[in-house]
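Colleague: Handing you this structure, nothing more for now.
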2 protein chains.
Amino acid sequence: MGVGDVSKRILLGRKLRSSQLGETLLPKRVALPVFASDALSSVAYAPDEVFIMLSLAGASAYAFSWKVGIAVAVVMFAVIASYRQTVYAYPSGGGDYEVAKVNLGRTAGVTVASALLMDYVLTVAVSISAGAQYAAAALPFLSGHEATFAAGLVVALAAMNLRGIRESGTLFAFPTYFFMFGILGMCLVGLFQLLTGNLPVVESAEFVIEKAPGYDDELTTVALIFLLARAFSSGCAALTGVEAVSNGVPAFRKPKSRNAATTLLMLAMIAITMMLSVIVLAREMGLRMVDPHELERLRRADGSALPADYDQHTVISQIAEAVFQDFPPGFYFVVSMTGIILVLAANTAFNGFPVLGSILAKDGLAPRAFGSRGDRLAYSNGIVFLAAMAIALIWIFDAQPTRLIQLYIVGVFVSFNLSQLGMIRHWTRELSGTTDTLERARMQRSRLINTIGLAFTAVVLVVVLVTKFLAGAWITVLAMIVFFLVMQAIRKHYDLVEAELAGDDQDKVLPTRVHAIVLVSKLHKPTLRALAFAKATRPNALEAVYVAADQEATDRLLDEWDERRIDVPLKVLHSPYRELVRPIVEYAAEIRRANPRGVVAVYIPEYVVGRWWEQLLHNQTALRLKGRLLFTPGVMVISVPYQLRSSAYAIEREARVETRARPGDVRRGTLPGARGPDDPRRFD
Amino acid sequence: MGVGDVSKRILLGRKLRSSQLGETLLPKRVALPVFASDALSSVAYAPDEVFIMLSLAGASAYAFSWKVGIAVAVVMFAVIASYRQTVYAYPSGGGDYEVAKVNLGRTAGVTVASALLMDYVLTVAVSISAGAQYAAAALPFLSGHEATFAAGLVVALAAMNLRGIRESGTLFAFPTYFFMFGILGMCLVGLFQLLTGNLPVVESAEFVIEKAPGYDDELTTVALIFLLARAFSSGCAALTGVEAVSNGVPAFRKPKSRNAATTLLMLAMIAITMMLSVIVLAREMGLRMVDPHELERLRRADGSALPADYDQHTVISQIAEAVFQDFPPGFYFVVSMTGIILVLAANTAFNGFPVLGSILAKDGLAPRAFGSRGDRLAYSNGIVFLAAMAIALIWIFDAQPTRLIQLYIVGVFVSFNLSQLGMIRHWTRELSGTTDTLERARMQRSRLINTIGLAFTAVVLVVVLVTKFLAGAWITVLAMIVFFLVMQAIRKHYDLVEAELAGDDQDKVLPTRVHAIVLVSKLHKPTLRALAFAKATRPNALEAVYVAADQEATDRLLDEWDERRIDVPLKVLHSPYRELVRPIVEYAAEIRRANPRGVVAVYIPEYVVGRWWEQLLHNQTALRLKGRLLFTPGVMVISVPYQLRSSAYAIEREARVETRARPGDVRRGTLPGARGPDDPRRFD
């Protein structure tokens, strides 16, 4: 096959490419679990937070629990309705960041990006912490070691994602559907028991709750409203993750936008049904729950204290244990599926982070290496960063979802708000360019929906900030500010570099002469090859250069040079301090100084080996030398590689690595592994 | 200044080089502290171990303490006498490794190297653990946190050595002399008190020691001998570090060998005087000491148990506290100087490790990068490795010198033995080549001394192995075997590579044509420069190559290409998966396949920035691309750098780093910083 054929094949791209891309697209029934695990998993902790907040005013305040739940549901519908507009208007999958950037400018975009970055970190921390609680409910020996266990889970997730797990629809579909089946099944059984008058009580039903200090007297209306606001803003944790669908539109089957919008609606209905059912059941079953740091407020009916080792289980664990008291497998099924869905939710952050990183890199807001699709390192850095931040939060807050949730919702609602604001701008701009009445009516309706969405999310953001700022949200705000400033600084740097690099006509002037030097350490195959290659380029001057630290070795080399009749002059640079790099750099710089319009070509013979431990044993000096020569003006550095037999290992390894899946492939609708015709990987 | 001048200056080496080297050499009074801290510091823990071992048979066995001390002293003199032969015979400073390798072959050399590596690790672990004990004696709040404190000290030492501390004679001289002054002063005061009948008792004198299980009855002769052997082999810890002088001969003033031999003798006398004085005083002052893990064997005279928080202090602390009971500054001086000398002893390992590494690298037994004198990375790896191993040991053995000492002495005596054996061979060989009677008599005397040395050290090695193998020495033996195998494997690898690389005449064949491709990402200054440089080399074919992932950017580039009238054809490679590296590598490989006797020259335009965070933001792709192209046969990779303004920072930083001191400079007699005429750095 000649060069022509090859370049043609490369120009056309690989065969079957388009059809294969189609094959990796997700039907709705697979897309739902892929994008829903984050949003649905919040039912595992959001109801708990509502009850914990209300418990401040004693168990009687639980009467408000379902009202709080309905308020959350209303906001949820408003948000979902808004995002349904987004998936039609922005089917490219840029999500909140794109909406804010395009419509509100870069500053808003960077703000949203900061919020999303923090959101990913907290998704991991909260989900894994909640997951560790479920694990402790099922496996009692984990009690008291939740933070260590959670940190271990994060490390394991990070390791899997670094290695590259083949993310597939199936991976998500089964656990997510099992989870829905488990929770809804549990609720149905409970409802049936309620209707037949057989509803059992949960383990904590026998307890009474002491009111928290400050809530002892009859509550004033203001205090009551503040309490309800706190419960509501904790419950709003249920809304996290709904924006995931809007980032994933490209991965849907056609009609992409409509399918995504339908999925969003299904997601909202399932999430709300689950949350409200759990809240109602918990209240009917007499649940009593307080802040785990204030367990002493929980007492037996006779006023006696609970045993010191009392472990307060999550709402779903308690309900499942009571509902399935005669059928333990049911309990274990619900609890283990909840744990798994929480881990999957955390995994979505590991998938989303690199995608956001590559978008930010394209816009010059993150290091450019994050943007190259083929670069595993880009993912690695992001994954390690995410894991480290999440572990730090888990450690600091002792894997307590109740504490972490105080930090969580700020970021989500900042991006909700800017996204809705952007959508309103979007429709206004579209309206100004459209005269068709029907179109205009549709746009006005969309704008109204987004305006309502903005109104709701703005209120929630204010409520969240007011009720949670001191309890932890300030950490999130601070982190967002830091991310914001770093991204702006990176962008500024790239802009400055671009300005400095802009070409002008002077740059086309050719160097007057090429002075080539070939570095010699020994007279072996790589050196001989480098000499041959250097000669083949016919430089104006050519010499071999040897850095001598040891007289004996120098004499040996000079003898061999004569013996082999090598017709390139050999220059010996003495290096009394056994340095290698500095004499060469100085020599190259001097040649250049003697002829400032010429160029010095430094040929470095290198032999390449394939195994990782072999690479540790070789070439460190060549690497360092190349690094230093790059800083010497008027020098070009030529690596002449000689492949040792073992280099084949490296090529094989590279090929293996390249076909591995990368985090987030499924949700972007690209599976780079799905290239060969023998790898159809269909989802239907 | 033209090229000729420069190369002449480089050929001659920097001016003043020899005289400056002379200036960094050490007079005896500085050499003693530089090389003695390791050996002298063992007086801080060796007596303790003797008393702890003897305590197994109750306090009555302390009657043997000074006899054990004398036995150690005899071995010490035999070893010192042997090493005095070595410094005359091998003034190059190769030490035990060189002696074993030259006289007994590579296997013996590698064995000694393994022993020394393990010895360095244990020097750090034991010294720092003992130091932490002294710190706890002076600062009671450290009690119970010795392991954490010790690990922190190791980290601090490693960090300082990574950063590069200017190691100077003064750094060692003051603390070492203060330490000698402190210990010998304390002993003199104690002796005076003894003679005047005013000798106070130490804090533990009121206690009685319960015999350990198994020692309750009257001891049999065999059991007694075994006990004394254990005490003796622990006491032999005092011998560690004496070989340091033989590694440091090149750093001595002339006559180097004689000065080194004299220093050795001084060292031995001081060390033995200190150790025996401490042992005698401790016994006279009624010291009672048991294994810190068996503190319950220590009881009050009335049989009652000690308080649970009783902290057993080291021998020197107890003596110092009693002797200086009316003069607390004396106590603090002795204890703090002892602590400092222990840290200095640990620091010697951080200095010795890289030196040994560079010698091993030169012999192909360690990664070659360890051998390049100018390479800071070589030192960094060694320092981190040493620190990690030492911290692991400190952690595992809870910073208990009593436990660690069980591992310590095996390595030292393995290298003592092989070194003496090597010396005997050396003299035998020398004798066979000499006829001069006087010379022969001298050599025979030396051989006799080394034979006596070998006899002593062999007996000690057997005693150590027998008494300590199960108590921990097996760990050292195992680690030595691992080091041994790794070094042999590295050597084998280098040999194989050398064989594969050996040149033949076929290697001189020139490539028939050069096909140059210039990679283009944007049309900026670096690209224009790369195009100009590539043209200047007049290749047989020249084209620019662009990897297109995005139609819009491609069109923009093509327009600009025309606009600027660039007369190099631009080839566009389409990359449907947004990969960059793979299309280029495949294209280069295809060109080469089309013309197997030609060579492909890939020009990569790079711009270089200077600040570390800027480097994170750039060039990651170029690096990866170069890495991959090196594995493609028949390709040479040409980096054409364009230096941005900020690159100046990197050059400045490099210059700063290069002038920093490197660990071990003083003891090798080289201070690379001492180059300019304005930096004499004299020691006298």
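Chain labels run A, B, ... following the order of the structure tokens; each chain numbers its residues from 1, and ligands are numbered from 1 in the order shown.
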If we count only C-alpha atoms, which residues of chain A reach to within 7 Å of chain B? Please list them as a short mmCIF file (atom, residue, chain, number, x, y, z; two decimals) with N, CA, C and O atoms, in the first residue's frame.
Modeller:
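Result file is result.cif:
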data_model
loop_
_atom_site.label_atom_id
_atom_site.label_comp_id
_atom_site.auth_asym_id
_atom_site.auth_seq_id
_atom_site.Cartn_x
_atom_site.Cartn_y
_atom_site.Cartn_z
N GLY A 2 0.70 2.10 -0.96
CA GLY A 2 1.54 3.29 -1.07
C GLY A 2 1.06 4.40 -0.16
O GLY A 2 0.01 4.31 0.47
N VAL A 3 1.87 5.45 -0.15
CA VAL A 3 1.51 6.58 0.70
C VAL A 3 0.17 7.17 0.27
O VAL A 3 -0.65 7.58 1.09
N VAL A 6 -2.78 5.29 1.65
CA VAL A 6 -2.91 5.49 3.08
C VAL A 6 -3.53 6.83 3.39
O VAL A 6 -4.49 6.93 4.15
N ILE A 10 -6.85 7.66 5.42
CA ILE A 10 -6.88 8.51 6.59
C ILE A 10 -7.80 9.70 6.35
O ILE A 10 -8.57 10.10 7.21
N LEU A 11 -7.73 10.25 5.11
CA LEU A 11 -8.57 11.41 4.81
C LEU A 11 -10.05 11.06 4.96
O LEU A 11 -10.85 11.85 5.42
N LEU A 12 -10.40 9.86 4.52
CA LEU A 12 -11.81 9.47 4.57
C LEU A 12 -12.22 9.02 5.96
O LEU A 12 -13.39 8.86 6.23
N GLY A 13 -11.28 8.80 6.80
CA GLY A 13 -11.63 8.28 8.12
C GLY A 13 -11.78 6.79 8.03
O GLY A 13 -11.82 6.20 6.95
N PRO A 367 -6.18 23.48 31.59
CA PRO A 367 -4.98 23.09 30.84
C PRO A 367 -5.36 22.37 29.56
O PRO A 367 -6.25 21.52 29.56
N ARG A 368 -4.67 22.72 28.47
CA ARG A 368 -5.07 22.22 27.15
C ARG A 368 -5.05 20.71 27.08
O ARG A 368 -5.80 20.10 26.32
N ALA A 369 -4.21 20.10 27.88
CA ALA A 369 -4.10 18.64 27.83
C ALA A 369 -5.42 17.97 28.21
O ALA A 369 -5.68 16.85 27.82
N ARG A 373 -8.96 14.50 23.17
CA ARG A 373 -9.84 13.35 23.34
C ARG A 373 -9.05 12.07 23.54
O ARG A 373 -9.46 11.19 24.29
N GLY A 374 -7.92 11.97 22.85
CA GLY A 374 -7.22 10.68 22.88
C GLY A 374 -6.30 10.52 24.08
O GLY A 374 -5.69 9.49 24.26
N LEU A 501 2.67 34.66 20.23
CA LEU A 501 3.04 33.71 19.18
C LEU A 501 2.57 34.12 17.80
O LEU A 501 2.94 33.49 16.81
N ALA A 502 1.72 35.14 17.71
CA ALA A 502 1.14 35.49 16.42
C ALA A 502 2.26 35.71 15.40
O ALA A 502 3.22 36.44 15.64
N GLY A 503 2.16 35.04 14.26
CA GLY A 503 3.24 35.06 13.29
C GLY A 503 3.29 36.36 12.50
O GLY A 503 2.29 37.04 12.33
N ASP A 507 9.09 35.82 10.14
CA ASP A 507 9.29 34.44 10.58
C ASP A 507 9.62 33.50 9.44
O ASP A 507 10.02 32.37 9.66
N LYS A 508 9.40 33.97 8.19
CA LYS A 508 9.64 33.07 7.07
C LYS A 508 11.10 33.07 6.63
O LYS A 508 11.49 32.28 5.78
N VAL A 509 11.92 33.94 7.21
CA VAL A 509 13.33 34.01 6.81
C VAL A 509 14.03 32.69 7.13
O VAL A 509 13.91 32.17 8.23
N LEU A 510 14.75 32.16 6.13
CA LEU A 510 15.42 30.88 6.34
C LEU A 510 16.75 31.08 7.08
O LEU A 510 17.43 32.08 6.85
N PRO A 511 17.14 30.14 7.91
CA PRO A 511 18.47 30.19 8.51
C PRO A 511 19.52 30.09 7.41
O PRO A 511 19.30 29.39 6.41
N VAL A 514 23.15 25.35 8.46
CA VAL A 514 22.82 24.37 9.47
C VAL A 514 24.12 23.74 9.97
O VAL A 514 24.87 23.17 9.18
N LEU A 523 30.28 4.11 20.79
CA LEU A 523 30.19 3.91 19.33
C LEU A 523 29.35 2.66 19.08
O LEU A 523 29.86 1.63 18.66
N HIS A 524 28.07 2.78 19.35
CA HIS A 524 27.20 1.62 19.14
C HIS A 524 26.18 1.93 18.04
O HIS A 524 26.21 3.00 17.44
N LYS A 525 25.28 1.00 17.78
CA LYS A 525 24.34 1.14 16.68
C LYS A 525 23.58 2.47 16.68
O LYS A 525 23.47 3.13 15.65
N LEU A 528 25.83 5.18 15.38
CA LEU A 528 26.11 5.04 13.95
C LEU A 528 24.89 5.45 13.14
O LEU A 528 25.01 6.11 12.10
N ARG A 529 23.71 5.08 13.62
CA ARG A 529 22.51 5.47 12.90
C ARG A 529 22.34 6.99 12.92
O ARG A 529 22.02 7.61 11.90
N ALA A 532 24.58 8.51 10.46
CA ALA A 532 24.11 8.30 9.10
C ALA A 532 22.95 9.24 8.77
O ALA A 532 22.91 9.87 7.71
N PHE A 533 22.00 9.36 9.70
CA PHE A 533 20.85 10.24 9.46
C PHE A 533 21.32 11.69 9.33
O PHE A 533 20.83 12.44 8.49
N ALA A 536 22.77 12.28 6.04
CA ALA A 536 21.76 12.26 4.99
C ALA A 536 21.08 13.62 4.84
O ALA A 536 20.56 13.95 3.77
N THR A 537 21.06 14.41 5.93
CA THR A 537 20.43 15.73 5.80
C THR A 537 21.40 16.77 5.25
O THR A 537 21.03 17.93 5.13
N PRO A 539 24.11 18.70 6.21
CA PRO A 539 24.25 20.00 6.86
C PRO A 539 25.48 20.73 6.35
O PRO A 539 26.36 20.12 5.73
N LEU A 573 34.66 17.30 24.51
CA LEU A 573 34.46 18.36 25.50
C LEU A 573 34.80 17.79 26.87
O LEU A 573 34.23 16.78 27.28
N HIS A 574 35.76 18.44 27.55
CA HIS A 574 36.12 17.92 28.86
C HIS A 574 35.17 18.42 29.93
O HIS A 574 34.74 19.57 29.92
N SER A 575 34.82 17.55 30.84
CA SER A 575 33.85 17.90 31.88
C SER A 575 34.43 17.49 33.23
O SER A 575 34.24 16.38 33.70
N PRO A 576 35.18 18.40 33.85
CA PRO A 576 35.90 18.02 35.07
C PRO A 576 34.94 17.60 36.19
O PRO A 576 35.32 16.83 37.06
N ARG A 578 32.19 15.92 35.85
CA ARG A 578 31.37 14.79 35.38
C ARG A 578 29.98 15.23 34.98
O ARG A 578 29.04 14.43 35.01
N GLU A 579 29.81 16.50 34.64
CA GLU A 579 28.51 16.93 34.14
C GLU A 579 28.39 16.54 32.69
O GLU A 579 29.38 16.45 31.97
N GLU A 590 27.31 28.40 22.02
CA GLU A 590 28.45 29.13 21.47
C GLU A 590 28.48 29.06 19.94
O GLU A 590 28.78 30.04 19.27
N ILE A 591 28.18 27.88 19.41
CA ILE A 591 28.13 27.76 17.94
C ILE A 591 27.12 28.75 17.38
O ILE A 591 27.37 29.47 16.41
N ALA A 594 28.27 32.29 17.45
CA ALA A 594 29.25 32.59 16.42
C ALA A 594 28.57 32.85 15.08
O ALA A 594 29.12 33.50 14.20
N VAL A 608 15.45 2.79 22.38
CA VAL A 608 14.20 2.72 23.13
C VAL A 608 13.90 1.28 23.49
O VAL A 608 14.09 0.36 22.71
N LEU A 617 15.50 2.33 33.50
CA LEU A 617 16.95 2.09 33.48
C LEU A 617 17.67 2.86 32.37
O LEU A 617 18.88 2.84 32.30
N HIS A 618 16.90 3.52 31.48
CA HIS A 618 17.54 4.14 30.31
C HIS A 618 17.03 5.55 30.07
O HIS A 618 15.94 5.91 30.50
N GLN A 620 17.24 8.55 30.87
CA GLN A 620 16.92 9.68 31.72
C GLN A 620 17.77 10.89 31.33
O GLN A 620 17.30 12.01 31.31
N THR A 621 19.03 10.64 30.99
CA THR A 621 19.91 11.75 30.64
C THR A 621 19.46 12.40 29.34
O THR A 621 19.44 13.62 29.22
N LEU A 630 15.89 22.69 24.69
CA LEU A 630 14.72 23.41 24.19
C LEU A 630 14.76 24.88 24.60
O LEU A 630 14.15 25.72 23.97
N PHE A 631 15.48 25.16 25.68
CA PHE A 631 15.53 26.55 26.15
C PHE A 631 16.66 27.34 25.51
O PHE A 631 16.87 28.49 25.83
N PRO A 633 18.15 29.18 22.40
CA PRO A 633 17.65 29.72 21.13
C PRO A 633 18.48 29.24 19.95
O PRO A 633 19.69 29.02 20.07
N MET A 636 17.83 23.23 17.22
CA MET A 636 16.76 22.22 17.12
C MET A 636 17.31 20.88 17.56
O MET A 636 18.49 20.59 17.41
N VAL A 637 16.45 20.10 18.17
CA VAL A 637 16.89 18.87 18.82
C VAL A 637 16.32 17.70 18.05
O VAL A 637 15.11 17.59 17.87
N ILE A 638 17.20 16.84 17.57
CA ILE A 638 16.75 15.71 16.75
C ILE A 638 17.00 14.41 17.50
O ILE A 638 18.13 14.05 17.80
N SER A 639 15.93 13.72 17.81
CA SER A 639 16.05 12.41 18.44
C SER A 639 16.11 11.37 17.35
O SER A 639 15.20 11.28 16.53
N VAL A 640 17.18 10.59 17.34
CA VAL A 640 17.27 9.49 16.38
C VAL A 640 17.11 8.21 17.17
O VAL A 640 18.03 7.77 17.86
N PRO A 641 15.94 7.61 17.11
CA PRO A 641 15.71 6.44 17.95
C PRO A 641 16.24 5.17 17.31
O PRO A 641 16.25 5.03 16.08
N GLN A 643 15.32 1.23 17.89
CA GLN A 643 14.38 0.39 18.63
C GLN A 643 15.02 -0.95 18.98
O GLN A 643 15.34 -1.74 18.10
N SER A 647 11.27 -3.08 22.45
CA SER A 647 10.38 -1.95 22.23
C SER A 647 9.02 -2.41 21.72
O SER A 647 8.03 -1.69 21.83
#
Colleague: Please identify all polymer residues within 8 Å of Ile209 (chain A), counting only C-alpha atoms, omitting same-chain residues fewer than 3 positions from it, and present them as a PDB file with N, CA, C and O atoms, in the first residue's frame.
Modeller:
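Dumped to out_16.pdb:
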ATOM      1  N   SER A  55     -36.869  17.436  63.073  1.00  0.00           N
ATOM      2  CA  SER A  55     -36.779  16.900  64.433  1.00  0.00           C
ATOM      3  C   SER A  55     -36.303  17.940  65.433  1.00  0.00           C
ATOM      4  O   SER A  55     -36.470  17.761  66.638  1.00  0.00           O
ATOM      5  N   GLY A  58     -38.983  18.734  67.506  1.00  0.00           N
ATOM      6  CA  GLY A  58     -39.656  17.573  68.064  1.00  0.00           C
ATOM      7  C   GLY A  58     -40.443  16.802  67.027  1.00  0.00           C
ATOM      8  O   GLY A  58     -40.628  17.257  65.889  1.00  0.00           O
ATOM      9  N   ALA A  59     -40.907  15.610  67.426  1.00  0.00           N
ATOM     10  CA  ALA A  59     -41.572  14.719  66.486  1.00  0.00           C
ATOM     11  C   ALA A  59     -42.853  15.326  65.940  1.00  0.00           C
ATOM     12  O   ALA A  59     -43.303  14.965  64.844  1.00  0.00           O
ATOM     13  N   ARG A 288     -38.455   8.069  63.901  1.00  0.00           N
ATOM     14  CA  ARG A 288     -37.870   9.151  64.699  1.00  0.00           C
ATOM     15  C   ARG A 288     -36.400   9.257  64.334  1.00  0.00           C
ATOM     16  O   ARG A 288     -35.652   8.268  64.415  1.00  0.00           O
ATOM     17  N   MET A 289     -35.967  10.429  63.932  1.00  0.00           N
ATOM     18  CA  MET A 289     -34.592  10.571  63.458  1.00  0.00           C
ATOM     19  C   MET A 289     -34.053  11.944  63.841  1.00  0.00           C
ATOM     20  O   MET A 289     -34.747  12.947  63.696  1.00  0.00           O
ATOM     21  N   VAL A 290     -32.830  11.961  64.359  1.00  0.00           N
ATOM     22  CA  VAL A 290     -32.201  13.237  64.718  1.00  0.00           C
ATOM     23  C   VAL A 290     -30.817  13.305  64.083  1.00  0.00           C
ATOM     24  O   VAL A 290     -30.316  12.315  63.530  1.00  0.00           O
ATOM     25  N   ARG A 297     -30.488  13.312  71.974  1.00  0.00           N
ATOM     26  CA  ARG A 297     -31.849  13.854  71.969  1.00  0.00           C
ATOM     27  C   ARG A 297     -32.887  12.774  71.730  1.00  0.00           C
ATOM     28  O   ARG A 297     -34.090  13.021  71.874  1.00  0.00           O
ATOM     29  N   LEU A 298     -32.431  11.613  71.356  1.00  0.00           N
ATOM     30  CA  LEU A 298     -33.332  10.481  71.145  1.00  0.00           C
ATOM     31  C   LEU A 298     -33.383   9.672  72.436  1.00  0.00           C
ATOM     32  O   LEU A 298     -32.347   9.256  72.958  1.00  0.00           O
ATOM     33  N   ARG A 299     -34.610   9.468  72.988  1.00  0.00           N
ATOM     34  CA  ARG A 299     -34.730   8.728  74.247  1.00  0.00           C
ATOM     35  C   ARG A 299     -35.840   7.697  74.117  1.00  0.00           C
ATOM     36  O   ARG A 299     -36.671   7.776  73.221  1.00  0.00           O
TER      37      ARG A 299
END
Colleague: Please, which residues of region 517-592 of chain B, numbered as in this document, come out strand (DSSP E) from DSSP, as a PyMOL selection string?
Modeller: chain B and resi 517-520+541-548+570-574
Colleague: CA of Ala238 (chain B) and CA of Asp311 (chain B) are how many Å apart?
Modeller: 24.4 Å
Colleague: I'd like to know which of A:Ala387, A:Ala260, A:Leu267, A:Val124 is closest to Gln85 (chain A), using only C-alpha atoms.
Modeller: A:Ala260
Colleague: Please report the interatomic distance between CA of Val201 (chain A) and CA of Phe324 (chain A) in Å with one decimal.
Modeller: 11.4 Å
Colleague: Tell me, as a list in words, which residues lie within 9 Å of Leu287 (chain B), counting only C-alpha atoms; anything in the same chain fewer than 2 positions away does not count.
Modeller: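 So the residues in contact are Phe51, Ala59, Val201, Val202, Glu203, Ser204, Ala205, Glu206, Phe207, Leu281, Ala282, Arg283, Glu284, Met285, Met289, Val315, Gln318 and Ile319 of chain B.
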Colleague: For Ala115 (chain A), please output as a PyMOL selection string all residues within 9 Å (counting only C-alpha atoms; exclusion window: fewer than 3 positions along the same chain).
Modeller: chain A and resi 110-112+118-120+410-415+476-477+479-480+483-484
Colleague: Would you mind exporting the chosen residues as a compact mmCIF listing (two decimals), in the first residue's frame, restricted to C-alpha atoms?
Modeller:
# COMPACT_ATOMS: atom_id res chain seq x y z
CA VAL A 110 -16.96 30.28 34.21
CA THR A 111 -19.22 30.72 37.24
CA VAL A 112 -21.34 27.79 36.13
CA MET A 118 -17.68 21.66 43.05
CA ASP A 119 -20.90 19.79 42.39
CA TYR A 120 -19.02 16.80 41.00
CA VAL A 410 -25.42 25.64 46.52
CA GLY A 411 -23.44 24.72 43.46
CA VAL A 412 -26.34 22.92 41.82
CA PHE A 413 -28.66 25.87 42.23
CA VAL A 414 -26.09 28.42 41.09
CA SER A 415 -25.87 26.57 37.80
CA THR A 476 -18.60 25.63 48.63
CA VAL A 477 -18.81 29.33 47.84
CA ALA A 479 -14.11 26.79 46.59
CA MET A 480 -16.17 28.13 43.69
CA PHE A 483 -12.00 27.65 40.81
CA PHE A 484 -13.34 30.77 39.14
